[in-house]
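See structure below.
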Amino acid sequence: LGLMTFQMLTGLKSPGLKQPSALGLGLNTGWDAWLIKTLEENRDDRFASAEEMQQALDFRAVAVAATPTPTPTPAPASVAPTPQPKPERVAAPRQPVRRPVPATAKPAKKSRSGVYWALALVLVAVALFAWSPWSEDRKRISEDDNKTARSSSFSAEKPSPSELEPVRPPAPSRPVSPTLSGEPTEGEAFALPELSLEMLWCAPGTFTMGSPLSEADRSDYETQHAVTLTEGFWLGKHEVTQAQWQSIMGSNPSHFKGANLPVEKVSWDDVASFCAKLTERERRAGRLPEGYAYQLPTEAQWEYACRAGTRTAYSFGAAITAKQANHDNDVGQTTAVGSYPANAWGFHDMHGNVYEWCRDWYDDYPDGSVRNPMGPAAGSVRGFRGGSWLFRARDARSATRFRNVPVYRFDNLGFRLSFSVQGKAE
């Protein structure tokens, strides 16, 4: 706006000359200060708003009138002039040098007319600018710049999870699997009504549980052994969300709040209560086959589904990246379920996001092959698997095992549902 005003007033395009009153166009010197402030290179030295620009135009562009030279009155001839002290010489005000114009032109009238039109256009432009939403946008941009400047000094520091603003989860999507209306059919996926909780089928099979001696970061309690699961089962496509937990339990204990974030800070005992309530709800609705229950997966079921036919450290290969799993505090908190790619069998977040409780009492692996292992009949600690948003990738390997007391809670520990026969180990 300052450049436009300068050009209208002076007819020049260069902003180098910032004193239009010196061009001999009869402009008020008030334009000089106004244009200088408008054309400042540093935005902080310019007008802060259109209103301030408008207020600064509190002067009128009038021609600088030439002061007439007074004509001295001659003294009478008969009277001798009284000697006067010699006046000090005062430099006359410097008048602008005017360019000669043809005799037929009317310079004064024409130049003043142009100035008045220019002034009118400037006032209209300022008024429009003040009225338009641009001025409010400029204020918001300035505020955003200040916020960015204040936060830039902390950009090198890695914030703790509690300092991070929670990630806004996407709205829960409509389940891909058909909604269950009766008893589920073996071999077919389904979704629980009102919960949008999808359950995927895992067929019976045999796999190698644990890790080879050559696998990086392995531990001694990952002894490899053959496991046969003679019964198929359903497993949750995602970790149980806070919305699903709230629907069954009526509360949300999670540290990181979000309907589609995985529920966390739930103990093994809390999860057992959730499973019992959900099982009873489905039994009353007539959607529960005899002998089946919603429960936690065994360690064997969990690793079987996690590997999805692979023998590598992760279901994605020998390593995982930040694009495949939420781990190593890369995000700083949990993320919405399904945010990362699924494994070959369609399960999301088997690596990272939150650890997942398993049904078993924790114990050492057997040396030989087993069928349908469920762990010991009693114990002091329960197992959990899968790694989390907080810890390193090696803790999210398919074979990595963890354990803790059943009342343990933390903001990186949740669970995934299993729906299977309430069988026993063989």
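Identifiers for the structure tokens are assigned positionally: chains receive A, B, ... in sequence, residues are indexed from 1 per chain, and ligands are indexed from 1 in the order shown.
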Pull the closest atom pair for each residue of range 165-272 of chain A that gets at most 8 Å from range 282-295 of chain A, along with the distance in Å to one decimal, counting only C-alpha atoms, ordering rows by chain and then ascending residue number, as JSON lines.
{"residue": "A:Leu180", "atom": "CA", "partner": "A:Arg287", "partner_atom": "CA", "distance": 7.5}
{"residue": "A:Ser181", "atom": "CA", "partner": "A:Arg287", "partner_atom": "CA", "distance": 6.9}
{"residue": "A:Gly182", "atom": "CA", "partner": "A:Arg287", "partner_atom": "CA", "distance": 4.6}
{"residue": "A:Glu183", "atom": "CA", "partner": "A:Arg287", "partner_atom": "CA", "distance": 4.4}
{"residue": "A:Pro184", "atom": "CA", "partner": "A:Arg287", "partner_atom": "CA", "distance": 7.2}
{"residue": "A:Ala272", "atom": "CA", "partner": "A:Gln295", "partner_atom": "CA", "distance": 7.1}
Distance query Leu296 in chain A at most 8 Å, only C-alpha atoms, self and fewer than 4 positions along chain excluded, as a ChimeraX atom specification | /A:272,275,357-359,415-418
Given the selection you just returned, output its residues as a file containing N, CA and C atoms, formatted as a short mmCIF file (atom, residue, chain, number, x, y, z; two decimals), in the first residue's frame.
data_model
loop_
_atom_site.label_atom_id
_atom_site.label_comp_id
_atom_site.auth_asym_id
_atom_site.auth_seq_id
_atom_site.Cartn_x
_atom_site.Cartn_y
_atom_site.Cartn_z
N ALA A 272 -9.58 -58.54 32.93
CA ALA A 272 -10.40 -59.73 33.18
C ALA A 272 -11.85 -59.33 33.47
N CYS A 275 -13.50 -58.37 30.14
CA CYS A 275 -13.83 -59.56 29.35
C CYS A 275 -15.07 -60.26 29.89
N TRP A 357 -1.46 -57.27 27.39
CA TRP A 357 -1.55 -58.35 28.37
C TRP A 357 -1.87 -59.68 27.68
N CYS A 358 -1.32 -60.75 28.20
CA CYS A 358 -1.68 -62.11 27.76
C CYS A 358 -2.31 -62.87 28.93
N ARG A 359 -2.97 -63.99 28.61
CA ARG A 359 -3.74 -64.72 29.62
C ARG A 359 -2.85 -65.50 30.58
N PHE A 415 -4.31 -53.89 25.91
CA PHE A 415 -4.60 -55.30 25.59
C PHE A 415 -5.35 -55.39 24.26
N ARG A 416 -5.45 -56.65 23.80
CA ARG A 416 -6.18 -57.01 22.58
C ARG A 416 -7.06 -58.21 22.91
N LEU A 417 -8.28 -58.20 22.43
CA LEU A 417 -9.24 -59.25 22.77
C LEU A 417 -9.01 -60.52 21.95
N SER A 418 -9.30 -61.64 22.58
CA SER A 418 -9.38 -62.92 21.89
C SER A 418 -10.77 -63.49 22.13
#
CA of Pro366 in chain A to CA of Leu229 in chain A, straight-line distance in Å = 15.5 Å
Residues at most 6 Å from Ala226 in chain A, counting only C-alpha atoms, excluding those fewer than 3 positions away in the same chain, as a list in words?
-> Phe207, Thr208 and Ser369 of chain A
Got time to write the residues from that selection, N, CA and C atoms, as a short mmCIF file (atom, residue, chain, number, x, y, z; two decimals), in the first residue's frame?
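See out.cif below for the written result:
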data_model
loop_
_atom_site.label_atom_id
_atom_site.label_comp_id
_atom_site.auth_asym_id
_atom_site.auth_seq_id
_atom_site.Cartn_x
_atom_site.Cartn_y
_atom_site.Cartn_z
N PHE A 207 3.59 -73.50 14.40
CA PHE A 207 4.63 -72.50 14.13
C PHE A 207 5.76 -72.66 15.14
N THR A 208 6.88 -71.98 14.88
CA THR A 208 8.03 -72.00 15.79
C THR A 208 7.96 -70.77 16.68
N SER A 369 8.33 -79.68 21.81
CA SER A 369 7.12 -79.17 21.18
C SER A 369 5.91 -79.34 22.10
#
Have a look at A:Val240, A:Leu195, A:Met374, A:Ala399 and name the one nearest to Gly210 in chain A; count only C-alpha atoms.
-> A:Ala399
Any idea what's packed within 8 Å of Val370 in chain A, counting only C-alpha atoms, ignoring anything in its chain fewer than 3 positions away? Could you give it as a PyMOL selection string?
-> chain A and resi 225-228+366+373+426
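Secondary structure of range 223-283 of chain A, strand (DSSP E) only (DSSP, backbone atoms): His225, Ala226, Val227, Thr228, Leu229, Phe233, Trp234, Leu235 and Gly236 of chain A.
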For CA of His238 in chain A and CA of Asp349 in chain A, quote the distance in Å rounded to one decimal.
-> 6.9 Å
